[in-house]
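Asks: Here it is, the structure in full.
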Amino acid sequence: MDKREELKQKALKDLQQSEVLMINGHFDYGNGYHGRVYLNAHQLFRHPSTIWRFAQDLIDVMPAELIQKTEVVAGPATGGALLAHTIAGLLDSRRSLTHPPCSFAPFHNDAATGFALRPFYRSEIKGKRVLLADDVRNTGETFARCAALVKDAGGTVVATVEIYDRGEPNVDLKIPNIALAEYRAPENFKAGECPLCRAGTPITRF
């Protein structure tokens, strides 16, 4: 097992021990589905030291070439933006002092379009190589929407990264995706057909 794989295996254990990745619960995802696995972003971002530690590990599993060429790190509010901001700062600590500093760009929630980029960040992204970051990748659709906004702003997405990959994407952006931890989540259930509900298992609340 190489160093990167060792880091990923350790991260999977750390995420569970810190109750960030919860794999044996009953969760309402708020989209009409229930399931047994949940990434608790509240726990992930509760202490800044927690996300800094996982972000450093995530950078450790990223290819050196990607670390060097990333000019902007962008992510969707709230979890992805917090992670992106942390990664942007940590990337500069891995590069020489003469290397141009990495920028940060958040996608904000928009009632009409779902995600949007403010004009200030559109100008920051224009002509730049952009790394997209999020706390979790489910279907990959969030990354796809963010990638479209980057392209529209004149930037180029070079890769996507996340703390946890559920292993069930249905969108392929044809670019590298790097996850710190991977865990194939069990099947999700429509809320009205959830066997956990039928069994009387309480929904985990935060």
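Chain labels run A, B, ... following the order of the structure tokens; each chain numbers its residues from 1, and ligands are numbered from 1 in the order shown.
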Could you name the residues that touch Ala185 (chain A) at 12 Å or less, counting only C-alpha atoms, but leaving out those on the same chain fewer than 3 positions away, as a CSV table (one decimal) with N, CA and C atoms, in the first residue's frame?
Replies:
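File selection27.csv, as written:
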```csv
chain,number,residue,atom,x,y,z
A,21,LEU,N,-18.1,11.4,9.6
A,21,LEU,CA,-18.7,10.4,8.8
A,21,LEU,C,-19.5,9.4,9.6
A,22,MET,N,-20.8,9.4,9.5
A,22,MET,CA,-21.7,8.6,10.3
A,22,MET,C,-22.3,7.5,9.3
A,23,ILE,N,-22.0,6.2,9.6
A,23,ILE,CA,-22.4,5.2,8.6
A,23,ILE,C,-23.4,4.2,9.1
A,24,ASN,N,-23.9,4.4,10.3
A,24,ASN,CA,-24.9,3.4,10.8
A,24,ASN,C,-26.1,4.1,11.4
A,25,GLY,N,-26.6,5.2,10.8
A,25,GLY,CA,-27.7,5.9,11.3
A,25,GLY,C,-28.9,5.9,10.5
A,34,HIS,N,-34.1,9.0,2.3
A,34,HIS,CA,-33.5,8.7,3.6
A,34,HIS,C,-32.3,7.7,3.3
A,35,GLY,N,-31.4,7.6,4.3
A,35,GLY,CA,-30.3,6.6,4.1
A,35,GLY,C,-29.6,6.4,5.4
A,36,ARG,N,-28.6,5.6,5.4
A,36,ARG,CA,-27.8,5.2,6.6
A,36,ARG,C,-26.5,5.9,6.8
A,37,VAL,N,-26.1,6.6,5.8
A,37,VAL,CA,-24.7,7.3,5.8
A,37,VAL,C,-24.9,8.8,5.7
A,38,TYR,N,-24.1,9.5,6.5
A,38,TYR,CA,-24.2,11.0,6.4
A,38,TYR,C,-22.9,11.6,6.8
A,39,LEU,N,-22.5,12.6,6.0
A,39,LEU,CA,-21.3,13.4,6.4
A,39,LEU,C,-21.8,14.6,7.2
A,137,ARG,N,-18.9,14.5,-2.2
A,137,ARG,CA,-19.4,14.3,-3.6
A,137,ARG,C,-20.4,13.2,-3.5
A,138,ASN,N,-21.6,13.5,-3.9
A,138,ASN,CA,-22.7,12.5,-3.9
A,138,ASN,C,-22.9,12.1,-5.4
A,139,THR,N,-23.7,12.8,-6.2
A,139,THR,CA,-23.9,12.4,-7.6
A,139,THR,C,-22.9,13.2,-8.5
A,164,TYR,N,-15.0,13.6,1.3
A,164,TYR,CA,-15.6,12.2,1.3
A,164,TYR,C,-16.3,12.0,0.0
A,165,ASP,N,-16.1,10.9,-0.7
A,165,ASP,CA,-16.7,10.5,-1.9
A,165,ASP,C,-17.6,9.3,-1.6
A,166,ARG,N,-18.9,9.5,-1.9
A,166,ARG,CA,-19.9,8.4,-1.7
A,166,ARG,C,-19.7,7.3,-2.7
A,167,GLY,N,-19.0,7.5,-3.8
A,167,GLY,CA,-18.8,6.5,-4.7
A,167,GLY,C,-19.9,6.2,-5.6
A,168,GLU,N,-20.8,7.2,-5.9
A,168,GLU,CA,-21.9,6.9,-6.8
A,168,GLU,C,-22.2,8.1,-7.7
A,169,PRO,N,-21.1,8.7,-8.3
A,169,PRO,CA,-21.4,9.8,-9.2
A,169,PRO,C,-22.1,9.4,-10.5
A,182,GLU,N,-13.0,7.5,0.7
A,182,GLU,CA,-14.0,6.9,-0.1
A,182,GLU,C,-14.8,5.8,0.6
A,188,ASN,N,-29.9,4.4,-0.9
A,188,ASN,CA,-30.8,5.3,-0.3
A,188,ASN,C,-32.3,4.9,-0.6
A,189,PHE,N,-33.2,5.4,0.2
A,189,PHE,CA,-34.6,5.0,0.1
A,189,PHE,C,-35.5,6.3,0.0
```
Asks: Just want the 10 Å neighbourhood of Val158 (chain A), counted on only C-alpha atoms, with same-chain residues fewer than 6 positions away dropped. Output as a list in words.
Replies: Leu66, Lys69, Thr70, Glu71, Lys128, Arg129, Val130, Leu131, Leu132, Ala147, Lys174, Ile175, Pro176 and Asn177 of chain A
Asks: Measuring between only C-alpha atoms, which one of A:Tyr183, A:Phe206, A:Tyr121, A:Phe143 shows the shortest distance to Gln16 (chain A)?
Replies: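 Once distances to Gln16 (chain A) are computed over only C-alpha atoms, the minimum belongs to A:Tyr183.
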Asks: Taking the DSSP secondary structure from the backbone, can you list the residues of region 59-187 of chain A that are strand (DSSP E), as a ChimeraX atom specification?
Replies: /A:72-76,103-110,114-116,129-137,156-165,177-182
Asks: So, counting only C-alpha atoms, which residue among A:Glu19, A:Val73, A:Glu5, A:Thr86 is closest to Phe104 (chain A)?
Replies: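 Looking only at the distances to Phe104 (chain A), the closest residue turns out to be A:Val73.
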Asks: Kindly indicate which residue among A:Ile203, A:Leu196, A:Ala111, A:Ala179 lies nearest to Gln9 (chain A), using only C-alpha atoms for the distances.
Replies: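 Closest residue, counting only C-alpha atoms: A:Ala179.
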Asks: Could you tell me how far CA of Phe27 (chain A) lies from CA of Arg205 (chain A), in Å and to one decimal?
Replies: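 Straight-line distance from CA of Phe27 (chain A) to CA of Arg205 (chain A) works out to 8.0 Å.
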Asks: Find the residues around region 43-54 of chain A up to 8 Å (only C-alpha atoms counted), leave out those fewer than 5 positions away in its own chain, and share them as number ranges by chain.
Replies: A: 11, 18-20, 79, 83, 86, 163, 180
Asks: Filtering to N, CA and C atoms, could you give me those residues as a CSV table (one decimal), in the first residue's frame?
Replies:
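The resulting result_16.csv:
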```
chain,number,residue,atom,x,y,z
A,11,ALA,N,-7.7,8.4,7.0
A,11,ALA,CA,-8.7,9.4,7.1
A,11,ALA,C,-10.1,8.9,7.2
A,18,SER,N,-14.3,10.7,14.7
A,18,SER,CA,-14.7,12.1,15.1
A,18,SER,C,-16.1,12.4,14.8
A,19,GLU,N,-16.9,11.4,14.4
A,19,GLU,CA,-18.3,11.5,14.1
A,19,GLU,C,-18.6,12.5,13.0
A,20,VAL,N,-17.7,12.7,12.1
A,20,VAL,CA,-17.9,13.5,10.9
A,20,VAL,C,-18.6,12.6,9.9
A,79,GLY,N,-20.3,24.5,3.2
A,79,GLY,CA,-19.2,23.6,3.5
A,79,GLY,C,-18.1,23.6,2.5
A,83,LEU,N,-14.1,24.8,3.0
A,83,LEU,CA,-13.0,23.9,2.7
A,83,LEU,C,-12.1,24.6,1.6
A,86,THR,N,-9.8,27.1,3.1
A,86,THR,CA,-8.7,26.5,3.9
A,86,THR,C,-7.7,25.9,2.9
A,163,ILE,N,-13.6,15.9,0.7
A,163,ILE,CA,-13.2,15.1,1.9
A,163,ILE,C,-13.7,13.7,1.8
A,180,LEU,N,-10.3,12.5,-0.2
A,180,LEU,CA,-9.5,12.0,0.9
A,180,LEU,C,-10.0,10.7,1.4
```
Asks: I need the alpha helix (DSSP H) residues of region 2-205 of chain A per DSSP on the backbone, written as a ChimeraX atom specification.
Replies: /A:3-17,41-46,48-60,64-69,79-93,119-125,141-152,195-198
Asks: So that I can see what lies close to Gly140 (chain A), please list as a list in words the residues with an atom at most 9 Å from it, counting only C-alpha atoms and leaving out residues fewer than 5 positions away in the same chain.
Replies: Arg145, Glu168, Pro169, Asn170, Val171, Asp172 and Leu173 of chain A
Asks: Taking into account only C-alpha atoms, which residue in the set A:Asp135, A:Glu6, A:Asp57, A:Glu193 is nearest to Gly32 (chain A)?
Replies: A:Glu193
Asks: Figure out the distance between CA of Ala74 (chain A) and CA of Ser93 (chain A), please, to one decimal in Å.
Replies: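 Interatomic distance here is 17.8 Å.
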Asks: Given the choices A:Ala148, A:Val161, A:Ala105, A:Val136, which gets closest to Ser123 (chain A) if the distance is worked out from only C-alpha atoms?
Replies: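 Result for the nearest residue to Ser123 (chain A): A:Ala105.
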Asks: From the list A:Ile125, A:Ala181, A:Ile67, A:Cys194, which residue is nearest Val157 (chain A) when using only C-alpha atoms?
Replies: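 So, comparing all the options, the nearest one is A:Ile125.
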Asks: Expressed in Å to a single decimal, how great is the separation between CA of Leu90 (chain A) and CA of Asn109 (chain A)?
Replies: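 We find that CA of Leu90 (chain A) and CA of Asn109 (chain A) lie 25.3 Å from each other.
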